[in-house]
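Chemist: Sharing a structure here in C-alpha cells format.
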Amino acid sequence: MKVKGYITGSGCISPQNTTEKDYFFENVNGPEVDFFKAIEPSYKEHINSNLLRRMGRAIKMGVSAARIAMTEAGIENVDAIISGTGLGCFEDTEKFLLAIINNDETLLTPTSFIQSTHNTVGSQVALIMKCHGYNYTYAHRGFSFDTCVMDALMNLEEGKNNILIGGIEEHTPNYVEIFRKGKKLNDNNSNKYFEGKTSGIQLGEGTTFFVLSNEKKNAVAAIDGVAFLYKPQSAKEVADKANSFLKTHNISLENIDLVLFGFSGDKEFDKYLLEMLPSTSKNSATAQFKHLSGEYYTANAFAIWTANKIIENQKIPDVIRINSVSKSNINLILIVNGFQGINYSFTLITKC
Amino acid sequence: MISAIGNNVSEAYVNLSNAKTGIGKVNYLNTRYKDEFVLGEVKLSNEQLMDLISYHSPALNRTSLLGIAAANEAVKHSGIDLKDGLRTGLISSTTVGGMCKTELFYGEMVNEGKHLEVLDSHDAGESTEEIADHLGIKDFVTTISTACSSAANAIMLGSRMIKHGMLDRVIVGGVDSLSKFTFNGFNTLMILDKEWCKPFDENRKGLNLGEAGAYLVIESETSLKKRNGKALAKVVGYANSNDAYHQTASSPDGIGATTAIQQALKMSGLAPSQIDYINMHGTGTPNNDQSESKATINVFGNNVPKFSSTKAYTGHTLAAAAGVEAVISVLSLQHNKIFPNLNFTTPINEFGLVPVTKVTDQNLNHVLSNSFGFGGNCSSLIFRIVNEG
C-alpha cells in the first residue's frame with residue numbers, strides 16, 4: 001500500500017483513564033482480581049439520552065469512542081465506517097441466549113436479539129451520523145481490528161478521504177467466569193510486566209476508534225501498513241515476517257525506535273514473541289501494553305492508541321518499558337501483536 | 001455449495017432447473033416450534049456431514065462442517081493447486097458462528113462449569129480457521145459479519161484485494177447453520193412465514209430461514225494465465241452502502257439499496273439496460289421486498305430487467321445468502337437460464353413488479369445480485385459471463 005492513514009482523531013475506552021484529556025499513563029489501574037474491566041465514561045456527554053436507554057454496553061462504548069474520535073478529528077461525517085469485534089455485542093447475545101435456555105424458547109423479546117449482531121456498533125454509528133458510506137464489520141479473532149486497518153488503507157488508496165475504524169470488545173461476568181473455571185486466566189492480579197513466567201492470559205476489554213485520513217491535518221502520527229501471520233510454526237517465522245513487512249516499507253528492524261509487544265501473560269501463547277525480544281532489544285526500545293489493557297480480540301487498537309500518544313509526547317512511559325534503550329527521537333514504532341499463538345500482526349506507525 | 005437444495009452445485013442446479021424447493025419440515029433443528037414452521041435445512045446430520053468431508057472430529061460444529069464441505073467443492077471445481085506457491089486467501093463470513101453448539105451447552109457452562117471448551121469454538125473466526133486449516137490456507141484469513149449481506153462483502157473484499165495485488169487468488173463466501181438463537185430471534189421479530197415464503201407477492205408474510213455454506217474462487221488474470229485456467233464469470237461491479245435508517249428495517253425509499261446498485265453499475269461501466277437479470281435479495285418479508293422494489297424502480301425506472309428471488313428454494317441463509325446467490329447467478333450465466341421466483345401469484349400493489357415465475361432460457365451476459373442486511377448493510381454485485389476462447 002502506498003498511502004498512509006493519518007491519525008486525525010482517536011477515542012479510547014479501556015481499563016486505564018484513557019478518556020481523560022491528555023492522559024498519558026501518569027497513573028495506572030490494575031485489574032479487578034483477574035479481569036481488566038473497561039472504565040466507562042459518562043455516556044450522556046456523547047450520546048442522546050433517548051438512544052442511550054436502549055443501548056447495550058458494547059454499543060454505548062462504541063458510539064462514545066467513535067464520537068470522541070470524530071470530535072478530535074473535527075469532522076461530522078466520514079466516507080466509511082469499519083469495525084472489528086471478536087464476539088460482537090456479547091452482553092445482548094448472552095441475554096437472548098439465556099432467555100431461550102431458561103424459558104424454553106418462550107417469552108422472548110427481540111431487543112437483545114436485534115442488538116446481538118456483530119455489526120450493531122458499526123450500524124448504530126452510521127445511523128447516528130446518517131452515514132450512507134461503506135460499512136463493514138470484521139469478526140476474526142485476533143485479526144478483527146487489524147483487518148479494519150488494512151481495509152481502511154485500501155479505501156484511502158481507492159480515493160476516500162476519512163475513514164472511521166474501531167475495535168470493540170465487551171465481556172460479561174459469565175464469560176469471565178467460564179474463562180476462570182477453564183483455568184485460562186492469569187492470576188497475577190496486578191498491572192506488572194509480563195515476563196514470560198506465568199500461565200493464563202490477563203483478560204481485558206475495551207473499545208478504541210480512530211479517524212484515518214488521507215491528509216495530515218492535525219495528525220502527529222500515521223499508520224503506514226499492517227501485515228498478518230496466521231499460525232506460524234516457529235519464532236523465526238514471526239521474525240522473518242516482521243522483517244519482510246518492514247522491507248516493503250524500506251525499513252529494517254534496527255531502524256525501529258520502539259517495538260511494542262503484545263504479550264498476553266501466558267508464556268505458551270507468548271513464546272514466539274518472547275524469543276524475538278532479546279535481539280530486538282539490542283537496538284530498539286522495547287515495551288508492552290497488555291498488562292495495562294488486558295488481552296482481548298481487538299487489543300491491538302489500544303496498542304495503536306498508545307503508539308500515537310508516544311509519538312505525540314515523544315516519550316515512552318516507564319510503566320510500559322521492557323528495556324532501557326533511549327531514543328532522542330521516536331519516529332518509527334512497530335507493534336508486534338500475538339493472539340493465542342494463532343493470529344499475529346505487525347503494524348507500522350510513523351511520526352509525520 | 002451445500003444448501004437445502006443439494007449437497008453440491010450439480011444437485012442445486014437440478015433442483016433449480018426443476019423449480020423444486022428445498023424448504024420443508026424440520027428434521028434437524030431441535031426447536032419446540034419444529035412442527036409449526038418450515039426451514040431450509042441441509043439434508044444431512046452432523047455425522048453424515050463428517051462422512052461427506054471425510055473428516056471426523058467431535059470438536060467441529062455444524063457451521064464449520066457446512067463451510068468445509070462447500071469450500072472443498074469450490075477449490076476442487078476451480079482446479080487451482082493450493083500448493084503451487086501463489087498467495088491464497090480465505091475470506092469467509094458468518095453471523096451465527098458456533099452458536100449452533102454454544103446454545104446447547106451455555107446453560108451448563110454457566111451453571112455447572114461443564115463443557116467449558118465449547119466457548120473456544122463460539123466466535124465467528126472458528127469456522128473460517130477450520131476451513132483454512134482443512135484446505136491448508138495460510139497467506140490471509142479473515143471473517144466478515146455484516147448480517148445478511150456478509151458473503152457479498154466477502155466477495156467484494158476478495159475482489160479488491162486481488163485488484164490491489166495483495167493476493168493472487170482468494171476463496172470467498174459465507175456459512176451459517178440453523179440455530180435456535182437465530183430462529184427465535186427472527187420469530188420474535190415476527191418476520192417468519194410458517195409456510196413457504198412468497199417473495200415479491202402482495203400477500204407475502206415473511207421469510208423462511210435456511211442454512212448453507214457457499215464459496216467461490218476468485219483469481220487474478222495472472223494466476224489464471226499461469227495455470228492455463230478458465231474463469232466462469234468475472235466480478236465487474238460491486239458496491240457497499242449503508243441505509244442508515246433503522247437497526248433492523250429497511251427504509252421505505254430504499255436509499256441504501258439504490259446507492260449500492262447505482263454504484264455497482266457505475267463501477268462496471270454498464271448502462272442499466274445491460275443488466276439481463278437481477279437475482280434479488282427478496283426475503284419475502286413485507287419490509288424488504290417493498291424497499292427493494294422501490295430501489296429497483298429508482299434505478300431502472302420503467303425498464304426493470306427480468307428478476308427473481310431464489311430464497312424460496314434455499315430459505316434465507318443469512319451470512320451465506322450472498323454466496324449461495326452468487327453461485328446461482330453464475331449458474332444462470334453459464335446455462336443462460338433464469339430460475340423462477342417460487343410461490344408468486346399477486347404483484348405488490350404499490351409497484352406492480354412481476355418476477356420470472358417459470359424456468360426461462362435466455363441469453364445472459366450480466367447478472368446483478370443484491371444482498372441487504374440488519375444494520376442497513378446493502379451490497380450489490382455484478383457478474384459478467386466469461387466466454388471461452
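Following the order of the C-alpha cells, first chain is A, next is B, and so on, with residues numbered from 1 inside each chain and ligands from 1 in the order they appear.
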Would you mind listing, for every residue of chain A within 7 Å of chain B, the two atoms forming the shortest contact and the distance between them in Å to one decimal, using only C-alpha atoms, sorted by chain and ascending residue number, as a Markdown table?
Modeler:
| residue | atom | partner | partner_atom | distance |
| --- | --- | --- | --- | --- |
| A:Gly86 | CA | B:Asp123 | CA | 6.6 |
| A:Leu87 | CA | B:Asp123 | CA | 5.9 |
| A:Leu97 | CA | B:Phe181 | CA | 6.5 |
| A:Ile101 | CA | B:Gly107 | CA | 6.7 |
| A:Glu105 | CA | B:Asn184 | CA | 7.0 |
| A:Leu108 | CA | B:Thr188 | CA | 6.5 |
| A:Thr109 | CA | B:Thr188 | CA | 6.0 |
| A:Pro110 | CA | B:Thr188 | CA | 5.4 |
| A:Phe113 | CA | B:Gly185 | CA | 5.5 |
| A:Ile114 | CA | B:Thr248 | CA | 6.9 |
| A:Thr117 | CA | B:Ala147 | CA | 6.9 |
| A:His118 | CA | B:Ser145 | CA | 6.0 |
| A:Asn119 | CA | B:Thr146 | CA | 5.3 |
| A:Thr120 | CA | B:Gly375 | CA | 6.1 |
| A:Ser123 | CA | B:Gly375 | CA | 4.8 |
| A:Ala126 | CA | B:Ala244 | CA | 5.8 |
| A:Leu127 | CA | B:Ala244 | CA | 4.3 |
| A:Lys130 | CA | B:Ala244 | CA | 5.4 |
| A:Cys131 | CA | B:Ala244 | CA | 6.3 |
| A:His132 | CA | B:Asn242 | CA | 4.4 |
| A:Gly133 | CA | B:Ser241 | CA | 5.0 |
| A:Tyr134 | CA | B:Ser241 | CA | 5.0 |
| A:Asn135 | CA | B:Asn242 | CA | 6.2 |
| A:Tyr136 | CA | B:Thr146 | CA | 6.4 |
| A:Thr137 | CA | B:Ser145 | CA | 5.6 |
| A:Tyr138 | CA | B:Ile144 | CA | 4.5 |
| A:Ala139 | CA | B:Thr143 | CA | 5.4 |
| A:His140 | CA | B:Gly125 | CA | 4.4 |
| A:Arg141 | CA | B:Gly125 | CA | 5.6 |
| A:Phe143 | CA | B:Thr142 | CA | 6.9 |
| A:Asn174 | CA | B:Val110 | CA | 6.2 |
| A:Ile178 | CA | B:Leu116 | CA | 6.3 |
| A:Lys181 | CA | B:Gly113 | CA | 6.6 |
| A:Gly182 | CA | B:Leu116 | CA | 6.2 |
| A:Tyr230 | CA | B:Lys138 | CA | 5.8 |
Chemist: Near stretch 144-161 of chain A, within 8 Å and counting only C-alpha atoms, which residues show up once chain neighbours fewer than 5 positions away are dropped, as number ranges by chain?
Modeler: A: 1-5, 78-79, 82-86, 137-139, 166-167, 212-215, 225-226, 297-298, 300-301, 345; B: 142-143, 164
Chemist: Write a file of the selected residues as a tab-separated table (two decimals), in the first residue's frame, keeping N, CA and C atoms.
Modeler:
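Below you can see selection.tsv, which holds the result:
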chain	number	residue	atom	x	y	z
A	1	MET	N	0.83	-1.20	0.00
A	1	MET	CA	0.00	0.00	0.00
A	1	MET	C	0.88	1.26	0.00
A	2	LYS	N	0.58	2.15	-0.89
A	2	LYS	CA	1.41	3.36	-0.99
A	2	LYS	C	0.97	4.44	-0.01
A	3	VAL	N	-0.30	4.42	0.35
A	3	VAL	CA	-0.82	5.50	1.19
A	3	VAL	C	-0.51	5.28	2.67
A	4	LYS	N	-0.65	6.37	3.43
A	4	LYS	CA	-0.60	6.30	4.88
A	4	LYS	C	-1.99	6.65	5.38
A	5	GLY	N	-2.31	6.19	6.57
A	5	GLY	CA	-3.55	6.63	7.20
A	5	GLY	C	-3.19	7.56	8.34
A	78	VAL	N	-18.00	10.75	7.77
A	78	VAL	CA	-16.85	10.06	7.18
A	78	VAL	C	-17.30	9.34	5.90
A	79	ASP	N	-16.32	8.82	5.16
A	79	ASP	CA	-16.64	8.11	3.92
A	79	ASP	C	-16.85	6.62	4.16
A	82	ILE	N	-15.60	1.23	9.55
A	82	ILE	CA	-15.15	-0.17	9.55
A	82	ILE	C	-14.89	-0.60	10.99
A	83	SER	N	-15.62	-1.60	11.46
A	83	SER	CA	-15.49	-2.04	12.84
A	83	SER	C	-14.92	-3.44	12.91
A	84	GLY	N	-14.31	-3.72	14.05
A	84	GLY	CA	-13.80	-5.06	14.29
A	84	GLY	C	-14.18	-5.50	15.68
A	85	THR	N	-14.65	-6.73	15.81
A	85	THR	CA	-15.01	-7.26	17.12
A	85	THR	C	-14.97	-8.78	17.07
A	86	GLY	N	-14.39	-9.38	18.08
A	86	GLY	CA	-14.32	-10.83	18.09
A	86	GLY	C	-15.66	-11.47	18.40
A	137	THR	N	-18.00	-4.86	8.99
A	137	THR	CA	-17.61	-5.34	10.32
A	137	THR	C	-16.83	-6.64	10.17
A	138	TYR	N	-15.65	-6.65	10.73
A	138	TYR	CA	-14.82	-7.86	10.72
A	138	TYR	C	-14.92	-8.55	12.07
A	139	ALA	N	-15.02	-9.87	12.04
A	139	ALA	CA	-15.11	-10.64	13.27
A	139	ALA	C	-14.21	-11.85	13.14
A	166	GLY	N	-12.78	1.07	14.20
A	166	GLY	CA	-12.86	0.83	15.63
A	166	GLY	C	-12.75	-0.63	16.00
A	167	GLY	N	-12.14	-0.88	17.14
A	167	GLY	CA	-12.08	-2.23	17.70
A	167	GLY	C	-12.93	-2.25	18.95
A	212	LEU	N	-8.93	7.81	10.34
A	212	LEU	CA	-7.75	7.79	9.48
A	212	LEU	C	-8.05	8.63	8.25
A	213	SER	N	-7.13	9.55	7.96
A	213	SER	CA	-7.37	10.49	6.86
A	213	SER	C	-6.25	10.43	5.84
A	214	ASN	N	-6.57	10.86	4.62
A	214	ASN	CA	-5.54	10.88	3.58
A	214	ASN	C	-4.68	12.14	3.63
A	215	GLU	N	-5.07	13.10	4.47
A	215	GLU	CA	-4.25	14.30	4.65
A	215	GLU	C	-3.80	14.41	6.09
A	225	GLY	N	1.18	0.78	7.56
A	225	GLY	CA	0.84	-0.52	7.00
A	225	GLY	C	0.60	-1.54	8.08
A	226	VAL	N	0.00	-2.66	7.67
A	226	VAL	CA	-0.25	-3.75	8.60
A	226	VAL	C	-0.02	-5.06	7.85
A	297	TYR	N	-9.74	-9.73	21.81
A	297	TYR	CA	-9.63	-9.88	20.35
A	297	TYR	C	-9.13	-8.63	19.64
A	298	THR	N	-9.53	-7.46	20.12
A	298	THR	CA	-9.18	-6.23	19.41
A	298	THR	C	-8.23	-5.34	20.21
A	300	ASN	N	-5.23	-4.79	19.86
A	300	ASN	CA	-4.26	-4.06	19.06
A	300	ASN	C	-4.67	-2.60	18.85
A	301	ALA	N	-5.95	-2.33	18.92
A	301	ALA	CA	-6.41	-0.94	18.77
A	301	ALA	C	-5.87	-0.10	19.94
A	345	SER	N	0.06	-10.06	14.18
A	345	SER	CA	0.01	-8.94	13.25
A	345	SER	C	1.14	-7.97	13.53
B	142	THR	N	-9.62	-14.01	7.02
B	142	THR	CA	-10.42	-13.12	7.84
B	142	THR	C	-11.90	-13.49	7.73
B	143	THR	N	-12.71	-12.87	8.60
B	143	THR	CA	-14.13	-13.17	8.63
B	143	THR	C	-14.91	-11.87	8.68
B	164	HIS	N	-5.78	-4.88	-5.74
B	164	HIS	CA	-4.65	-4.19	-5.10
B	164	HIS	C	-3.36	-5.00	-5.18
Chemist: Enumerate, as a list in words, the complete set of residues in stretch 290-352 of chain A that a backbone-based DSSP assignment places in strand (DSSP E).
Modeler: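 These are the residues in question: Leu332, Ile333, Leu334, Ile335, Val336, Asn337, Gly338, Phe339, Asn343, Tyr344, Ser345, Phe346, Thr347, Leu348, Ile349, Thr350 and Lys351 of chain A.
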Chemist: Which one of A:Gln233, A:Ser244, A:Ser293, A:Asn218 sits closest to A:Asn17 if you count only C-alpha atoms?
Modeler: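 Residue with the minimum atom-to-atom distance to A:Asn17: A:Ser293.
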Chemist: Need to verify the contact set: B:Gly79, 10 Å, only C-alpha atoms, exclusion of same-chain residues closer than 3 positions in sequence. Can you return it as number ranges by chain?
Modeler: B: 74-76, 82, 217, 227, 229-230
Chemist: Please write the residues from the selection above to a file, keeping N, CA and C atoms, as a short mmCIF file (atom, residue, chain, number, x, y, z; two decimals), in the first residue's frame.
Modeler:
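What landed in again_24.cif:
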data_model
loop_
_atom_site.label_atom_id
_atom_site.label_comp_id
_atom_site.auth_asym_id
_atom_site.auth_seq_id
_atom_site.Cartn_x
_atom_site.Cartn_y
_atom_site.Cartn_z
N ALA B 74 -15.63 -25.88 -3.87
CA ALA B 74 -15.23 -24.71 -4.68
C ALA B 74 -13.79 -24.84 -5.16
N VAL B 75 -12.90 -25.26 -4.26
CA VAL B 75 -11.48 -25.37 -4.62
C VAL B 75 -11.29 -26.48 -5.66
N LYS B 76 -11.94 -27.62 -5.44
CA LYS B 76 -11.83 -28.74 -6.37
C LYS B 76 -12.34 -28.33 -7.75
N LEU B 82 -3.45 -25.56 -4.51
CA LEU B 82 -3.13 -24.71 -3.36
C LEU B 82 -1.67 -24.82 -2.93
N VAL B 217 -14.13 -19.18 -5.93
CA VAL B 217 -12.71 -18.89 -6.01
C VAL B 217 -12.53 -17.73 -6.98
N ARG B 227 -1.76 -20.91 -14.83
CA ARG B 227 -2.15 -22.32 -14.77
C ARG B 227 -3.03 -22.72 -15.95
N GLY B 229 -5.90 -21.69 -16.66
CA GLY B 229 -7.26 -21.96 -16.17
C GLY B 229 -8.30 -21.13 -16.89
N LYS B 230 -9.54 -21.52 -16.73
CA LYS B 230 -10.63 -20.77 -17.37
C LYS B 230 -11.58 -20.27 -16.30
#
Chemist: What's around B:Ser3 at 9 Å? Count only C-alpha atoms, leave out sequence neighbours fewer than 4 positions away in its own chain, and write the answer as a ChimeraX atom specification.
Modeler: /B:7-8,12,22,40-43,66,210-214,314,317,324
Chemist: Would you kindly return, as a VMD selection string, each protein, DNA or RNA residue with an atom no farther than 12 Å from any atom of stretch 42-55 of chain A, considering only C-alpha atoms and excluding same-chain residues fewer than 5 positions away?
Modeler: (chain A and resid 11 13 19 to 20 60 to 71 89 91 to 92 111 to 112 114 to 116 120 to 121 124 to 125 127 to 129) or (chain B and resid 247)
Chemist: So that I can check the surroundings of A:Leu260, please list as a ChimeraX atom specification every protein, DNA and RNA residue that reaches within 7 Å of it, counting only C-alpha atoms and ignoring chain neighbours fewer than 3 positions away.
Modeler: /A:286-288,334-336
Chemist: Would you write out those residues with C-alpha atoms, as a PDB file, in the first residue's frame?
Modeler:
ATOM      1  CA  THR A 286      11.026  -2.327  23.694  1.00  0.00           C
ATOM      2  CA  ALA A 287       7.740  -2.110  25.544  1.00  0.00           C
ATOM      3  CA  GLN A 288       4.496  -3.972  26.060  1.00  0.00           C
ATOM      4  CA  LEU A 334       6.442  -1.337  15.206  1.00  0.00           C
ATOM      5  CA  ILE A 335       3.638  -3.113  17.034  1.00  0.00           C
ATOM      6  CA  VAL A 336       4.092  -6.879  17.119  1.00  0.00           C
TER       7      VAL A 336
END
